[in-house]
Structures are given as C-alpha cells and as structure tokens.
Amino acid sequence: MSKSTAKIKQGFILCAGFGTRMRPLTNTMPKPMVSVNGKAMVDHVLDSFVAHGIKRAVINTHYLGNVLEDHLTGRADIDIAISHEADILDTGGGIVNALPLLKKEAFFVSSGDSYLQDGPDKSALLRMEEAWDPDKMDILILLQPIKKMILTHGVGDYDLDQNGRAIRSHDQKGRYMFTSMRINAPHIFNDAPDETFSYLQLLDQAQTRGRLYGLVHNGNWHHISTPDDVKRVNDALQVPEHAGDP
C-alpha cells in the first residue's frame, strides 16, 4: 500500500510498562527498546506503521520514559507525539489519556513489546484495514493461532465464531492469542473512565455488543516477556547477540 492510499493514518503504541519479567535487560531501558531481530521492538512497530502509510504515532511512556524519548528522536520518518504518564494508567487509561493527541478517527493500537512478522502476501496492517468495517465493528483484533507459537509461550485468549466475531476464552483455552494489534473506533472511549483501567474492559464491552471481531494473522508473532524469549527468537532468526543494541 502506498503512503497516499492508507485509510487509517494514525496509531498508538503502548510503551509505559515496567517490564519487570525482562530484567536485567530492562534495568537501564524500557522493554520496548529491547532488541529483537536487529532493532528495538518499538522500532519494528514504527516501521510497520511507516510502511503502511501511517502519518502519526502517539506513544505513552512512564518507566524510563526519558530514555525512550531520547531513542525516538532518531526517527524522522513519522510524526511522533509522546504522552507521558506521571502515574501509570494501564492499557485503557493510557489510551484515554492520549486521546487529545489523536484525531477522532479510527486508529491502530499496538503494544511496543512484542514482535510481529507479516505473512507472505500482504502486510498485517493492510489485511486489517481491508477487513475493517466500522458499520459493524467497534474493535478488530489481530489473532495468532496458538498452534503456530513455538518460540514463545501462547495463551488462548480468544476463539472465533462462524461470522468472525471474537469470543474471549475465560479459561484461556482458546485457539488464538491476541497479538495486541488492533483497530478501534474512537467512540468506544466515550464512556471510558478517566482513570487507571485495562483495555480488556473495552474488549469485553465490544463483545457484548456483538461488535468485537477478529482477524487471524497469517505470519508469525512472538510474545516476548523474558530474556529467554529474546534469546530464542533471535537465535531462530540467526541474529548476532549484540545486533541492534540501543
């Protein structure tokens, strides 16, 4: 997709967490700066945004936010706005806090601490944009089949019904794991609390309304939580141990 034809031109990246399970790598940097396949995980997300034609990325920060901000000054290919949180606001509150920096249009949301690889035909973002139907969807989530998660641990967050609606698996025995990549309509935040809360509440509300849909990813996605995860993925990709260190 050329940069002029992308319909969704803004995205949000969650980067405020402490990354405690990733220590000692996160003793001096936030988790999204940990290097996977030769560069910081947050840069992989930004690269996918730029390739899709997204013009603006809003990134929330908290833990070692100044370190991440300094790192991001090296990006001149996309407009980046920082939403710093003096008190961490979780995955829902963090987005609400940043809404003044976003247009009231649909936008992509991604975590900054996992690694998504596109499938063989189209990019994941293009497939999502083509599937996005605001007339029937409030949220569209990208799902990774658990059976394809070999290098990192998968959790069965969701199943899909015959119409493509996503159904949360409360016992975590579903067929798919939520990759964190999603498109959401801005109106889902209209009644959201102006405080710390989890985005999971919004997912559940959209499901109750019958407006939560899922798209199965046709590439690889790695849920990276620990230094061992980083090593396994980099070893599989044959990346030198210190490649891409910030």
# chains A, B, ... in the order shown; residues from 1 in each chain; ligands from 1
>>> residues_around(residues="Phe49 of chain A", least_positions_apart="4", cutoff="10 Å", atoms="only C-alpha atoms", output="list in words")
Lys3, Ile8, Lys9, Gln10, Gly11, Phe12, Asp43, His44, Val45, Gly53, Ile54, Lys55, Arg56, Ala57, Ile78, Phe108 and Leu125 of chain A
>>> write_last_selection(atoms="all heavy atoms", output="compact mmCIF listing (two decimals), in the first residue's frame")
# COMPACT_ATOMS: atom_id res chain seq x y z
N LYS A 3 1.82 5.19 0.64
CA LYS A 3 1.54 6.04 1.78
C LYS A 3 0.33 6.94 1.53
O LYS A 3 -0.30 7.39 2.47
CB LYS A 3 2.78 6.87 2.13
CG LYS A 3 3.95 6.02 2.60
CD LYS A 3 5.13 6.88 2.96
CE LYS A 3 6.31 6.01 3.41
NZ LYS A 3 7.47 6.81 3.79
N ILE A 8 -6.27 4.51 7.29
CA ILE A 8 -6.05 4.79 8.72
C ILE A 8 -4.65 5.36 8.87
O ILE A 8 -3.67 4.68 8.60
CB ILE A 8 -6.25 3.52 9.56
CG1 ILE A 8 -7.68 3.01 9.38
CG2 ILE A 8 -5.96 3.81 11.04
CD1 ILE A 8 -7.96 1.69 10.08
N LYS A 9 -4.56 6.60 9.28
CA LYS A 9 -3.30 7.33 9.23
C LYS A 9 -2.73 7.64 10.60
O LYS A 9 -1.84 8.49 10.73
CB LYS A 9 -3.49 8.62 8.43
CG LYS A 9 -3.92 8.39 6.99
CD LYS A 9 -4.04 9.69 6.23
CE LYS A 9 -4.51 9.46 4.81
NZ LYS A 9 -3.55 8.67 4.01
N GLN A 10 -3.21 6.97 11.64
CA GLN A 10 -2.67 7.23 12.98
C GLN A 10 -2.64 5.93 13.79
O GLN A 10 -3.41 5.00 13.54
CB GLN A 10 -3.49 8.29 13.70
CG GLN A 10 -4.97 7.99 13.80
CD GLN A 10 -5.77 9.09 14.47
OE1 GLN A 10 -5.21 10.10 14.94
NE2 GLN A 10 -7.07 8.92 14.57
N GLY A 11 -1.71 5.90 14.73
CA GLY A 11 -1.56 4.72 15.56
C GLY A 11 -1.08 5.09 16.95
O GLY A 11 -0.51 6.17 17.16
N PHE A 12 -1.31 4.18 17.88
CA PHE A 12 -0.89 4.37 19.27
C PHE A 12 -0.07 3.15 19.68
O PHE A 12 -0.44 2.02 19.35
CB PHE A 12 -2.12 4.49 20.18
CG PHE A 12 -1.80 4.72 21.63
CD1 PHE A 12 -1.67 5.99 22.14
CD2 PHE A 12 -1.60 3.64 22.49
CE1 PHE A 12 -1.36 6.20 23.48
CE2 PHE A 12 -1.29 3.84 23.81
CZ PHE A 12 -1.16 5.13 24.31
N ASP A 43 10.76 0.03 17.38
CA ASP A 43 11.09 0.45 16.02
C ASP A 43 10.48 -0.48 14.98
O ASP A 43 10.13 -0.04 13.88
CB ASP A 43 12.60 0.54 15.85
CG ASP A 43 13.17 1.81 16.46
OD1 ASP A 43 12.62 2.89 16.21
OD2 ASP A 43 14.17 1.73 17.19
N HIS A 44 10.35 -1.75 15.30
CA HIS A 44 9.65 -2.65 14.38
C HIS A 44 8.20 -2.20 14.20
O HIS A 44 7.67 -2.23 13.08
CB HIS A 44 9.68 -4.08 14.90
CG HIS A 44 11.01 -4.77 14.77
ND1 HIS A 44 11.60 -5.02 13.55
CD2 HIS A 44 11.87 -5.25 15.71
CE1 HIS A 44 12.76 -5.64 13.73
NE2 HIS A 44 12.94 -5.79 15.04
N VAL A 45 7.55 -1.81 15.29
CA VAL A 45 6.16 -1.33 15.19
C VAL A 45 6.11 -0.05 14.35
O VAL A 45 5.28 0.09 13.44
CB VAL A 45 5.55 -1.08 16.57
CG1 VAL A 45 4.08 -0.62 16.42
CG2 VAL A 45 5.60 -2.34 17.44
N GLY A 53 1.76 3.63 5.72
CA GLY A 53 1.34 4.98 5.38
C GLY A 53 0.78 5.76 6.54
O GLY A 53 0.16 6.82 6.36
N ILE A 54 0.97 5.25 7.75
CA ILE A 54 0.50 5.97 8.93
C ILE A 54 1.37 7.21 9.12
O ILE A 54 2.60 7.15 9.06
CB ILE A 54 0.55 5.05 10.17
CG1 ILE A 54 -0.54 3.98 10.04
CG2 ILE A 54 0.37 5.84 11.46
CD1 ILE A 54 -0.51 2.93 11.12
N LYS A 55 0.71 8.33 9.35
CA LYS A 55 1.40 9.61 9.43
C LYS A 55 1.81 10.00 10.84
O LYS A 55 2.77 10.75 11.01
CB LYS A 55 0.49 10.72 8.86
CG LYS A 55 0.00 10.47 7.45
CD LYS A 55 1.14 10.45 6.46
CE LYS A 55 0.64 10.34 5.03
NZ LYS A 55 1.75 10.25 4.06
N ARG A 56 1.07 9.51 11.83
CA ARG A 56 1.30 9.98 13.20
C ARG A 56 1.21 8.81 14.18
O ARG A 56 0.28 8.00 14.10
CB ARG A 56 0.27 11.04 13.59
CG ARG A 56 0.45 11.63 14.99
CD ARG A 56 -0.55 12.77 15.18
NE ARG A 56 -0.50 13.38 16.50
CZ ARG A 56 0.38 14.31 16.87
NH1 ARG A 56 1.28 14.74 16.01
NH2 ARG A 56 0.35 14.84 18.09
N ALA A 57 2.17 8.74 15.08
CA ALA A 57 2.17 7.72 16.13
C ALA A 57 2.23 8.42 17.48
O ALA A 57 3.09 9.28 17.70
CB ALA A 57 3.35 6.78 15.97
N ILE A 78 8.29 9.63 10.66
CA ILE A 78 6.92 9.62 11.13
C ILE A 78 6.80 10.64 12.25
O ILE A 78 7.74 10.86 13.01
CB ILE A 78 6.50 8.21 11.62
CG1 ILE A 78 5.00 8.17 11.97
CG2 ILE A 78 7.36 7.73 12.78
CD1 ILE A 78 4.48 6.74 12.22
N PHE A 108 -4.95 2.48 14.74
CA PHE A 108 -4.31 1.24 15.16
C PHE A 108 -3.77 1.41 16.58
O PHE A 108 -3.36 2.50 16.98
CB PHE A 108 -3.13 0.90 14.23
CG PHE A 108 -3.52 0.34 12.90
CD1 PHE A 108 -3.57 1.16 11.78
CD2 PHE A 108 -3.81 -1.01 12.74
CE1 PHE A 108 -3.90 0.66 10.53
CE2 PHE A 108 -4.14 -1.52 11.50
CZ PHE A 108 -4.19 -0.68 10.40
N LEU A 125 -1.13 -5.03 8.69
CA LEU A 125 -1.92 -3.80 8.81
C LEU A 125 -2.83 -3.62 7.60
O LEU A 125 -3.98 -3.17 7.75
CB LEU A 125 -1.01 -2.59 8.98
CG LEU A 125 -0.64 -2.24 10.43
CD1 LEU A 125 0.16 -3.35 11.10
CD2 LEU A 125 0.14 -0.92 10.49
>>> select_by_dssp(residues="segment 5-235 of chain A", states="strand (DSSP E)", output="JSON list (two decimals) with C-alpha atoms, in the first residue's frame")
[["chain", "number", "residue", "atom", "x", "y", "z"],
["A", 10, "GLN", "CA", -2.67, 7.23, 12.98],
["A", 11, "GLY", "CA", -1.56, 4.72, 15.56],
["A", 12, "PHE", "CA", -0.89, 4.37, 19.27],
["A", 13, "ILE", "CA", 1.90, 2.28, 20.84],
["A", 14, "LEU", "CA", 1.80, 1.14, 24.46],
["A", 35, "SER", "CA", 16.45, -5.56, 20.60],
["A", 36, "VAL", "CA", 14.76, -8.31, 18.60],
["A", 39, "LYS", "CA", 16.45, -3.43, 16.35],
["A", 40, "ALA", "CA", 14.33, -2.21, 19.24],
["A", 56, "ARG", "CA", 1.30, 9.98, 13.20],
["A", 57, "ALA", "CA", 2.17, 7.72, 16.13],
["A", 58, "VAL", "CA", 1.36, 8.52, 19.73],
["A", 59, "ILE", "CA", 3.47, 6.68, 22.30],
["A", 60, "ASN", "CA", 2.81, 6.59, 26.02],
["A", 61, "THR", "CA", 5.72, 6.48, 28.46],
["A", 79, "ASP", "CA", 5.39, 12.27, 13.36],
["A", 80, "ILE", "CA", 5.73, 11.01, 16.96],
["A", 81, "ALA", "CA", 3.90, 12.50, 19.93],
["A", 82, "ILE", "CA", 4.71, 11.46, 23.49],
["A", 83, "SER", "CA", 2.02, 11.00, 26.13],
["A", 84, "HIS", "CA", 3.95, 10.73, 29.38],
["A", 107, "PHE", "CA", -6.62, 4.19, 14.77],
["A", 108, "PHE", "CA", -4.31, 1.24, 15.16],
["A", 109, "VAL", "CA", -3.09, 0.25, 18.62],
["A", 110, "SER", "CA", -0.10, -1.99, 19.31],
["A", 111, "SER", "CA", 2.00, -2.94, 22.26],
["A", 115, "TYR", "CA", 7.43, -8.86, 17.52],
["A", 116, "LEU", "CA", 5.09, -9.21, 14.55],
["A", 117, "GLN", "CA", 6.20, -10.58, 11.17],
["A", 139, "ILE", "CA", -12.78, -3.21, 17.56],
["A", 140, "LEU", "CA", -10.93, -5.54, 15.19],
["A", 141, "ILE", "CA", -8.17, -7.58, 16.84],
["A", 142, "LEU", "CA", -5.34, -9.50, 15.16],
["A", 143, "LEU", "CA", -5.14, -13.06, 16.47],
["A", 144, "GLN", "CA", -2.26, -15.53, 16.39],
["A", 145, "PRO", "CA", -3.06, -19.26, 16.25],
["A", 158, "TYR", "CA", -9.93, -15.93, 22.09],
["A", 159, "ASP", "CA", -11.97, -18.09, 19.79],
["A", 160, "LEU", "CA", -13.88, -17.00, 16.68],
["A", 166, "ALA", "CA", -14.15, -12.77, 18.69],
["A", 167, "ILE", "CA", -15.20, -14.55, 21.87],
["A", 168, "ARG", "CA", -12.98, -14.33, 24.91],
["A", 176, "TYR", "CA", -5.91, -17.83, 19.41],
["A", 177, "MET", "CA", -3.82, -15.31, 21.31],
["A", 178, "PHE", "CA", -4.45, -11.58, 20.97],
["A", 179, "THR", "CA", -1.35, -10.06, 19.38],
["A", 180, "SER", "CA", -2.20, -6.61, 20.82],
["A", 181, "MET", "CA", -2.51, -5.18, 17.29],
["A", 182, "ARG", "CA", -5.99, -3.78, 16.77],
["A", 183, "ILE", "CA", -8.08, -1.15, 15.06],
["A", 184, "ASN", "CA", -10.60, 0.64, 17.23],
["A", 212, "LEU", "CA", -15.74, -7.29, 18.52],
["A", 213, "TYR", "CA", -14.22, -9.06, 15.51],
["A", 214, "GLY", "CA", -11.00, -10.97, 14.98],
["A", 215, "LEU", "CA", -8.69, -11.50, 12.03],
["A", 216, "VAL", "CA", -6.32, -14.48, 12.04],
["A", 220, "ASN", "CA", 4.49, -15.07, 12.80],
["A", 221, "TRP", "CA", 4.07, -13.22, 16.07],
["A", 222, "HIS", "CA", 6.22, -13.64, 19.15]]
>>> closest_residue(among="A:Lys136, A:His217, A:Arg209, A:Arg75", to="Asp118 of chain A", atoms="only C-alpha atoms")
A:His217
>>> residues_around(residues="Asp171 of chain A", least_positions_apart="6", cutoff="10 Å", atoms="only C-alpha atoms", output="JSON, numbers by chain")
{"A": [155, 156, 157, 158]}
>>> write_last_selection(atoms="C-alpha atoms", output="PDB file, in the first residue's frame")
ATOM      1  CA  VAL A 155      -2.172 -18.081  25.855  1.00  0.00           C
ATOM      2  CA  GLY A 156      -5.557 -19.000  24.375  1.00  0.00           C
ATOM      3  CA  ASP A 157      -7.259 -15.641  24.778  1.00  0.00           C
ATOM      4  CA  TYR A 158      -9.934 -15.933  22.094  1.00  0.00           C
TER       5      TYR A 158
END
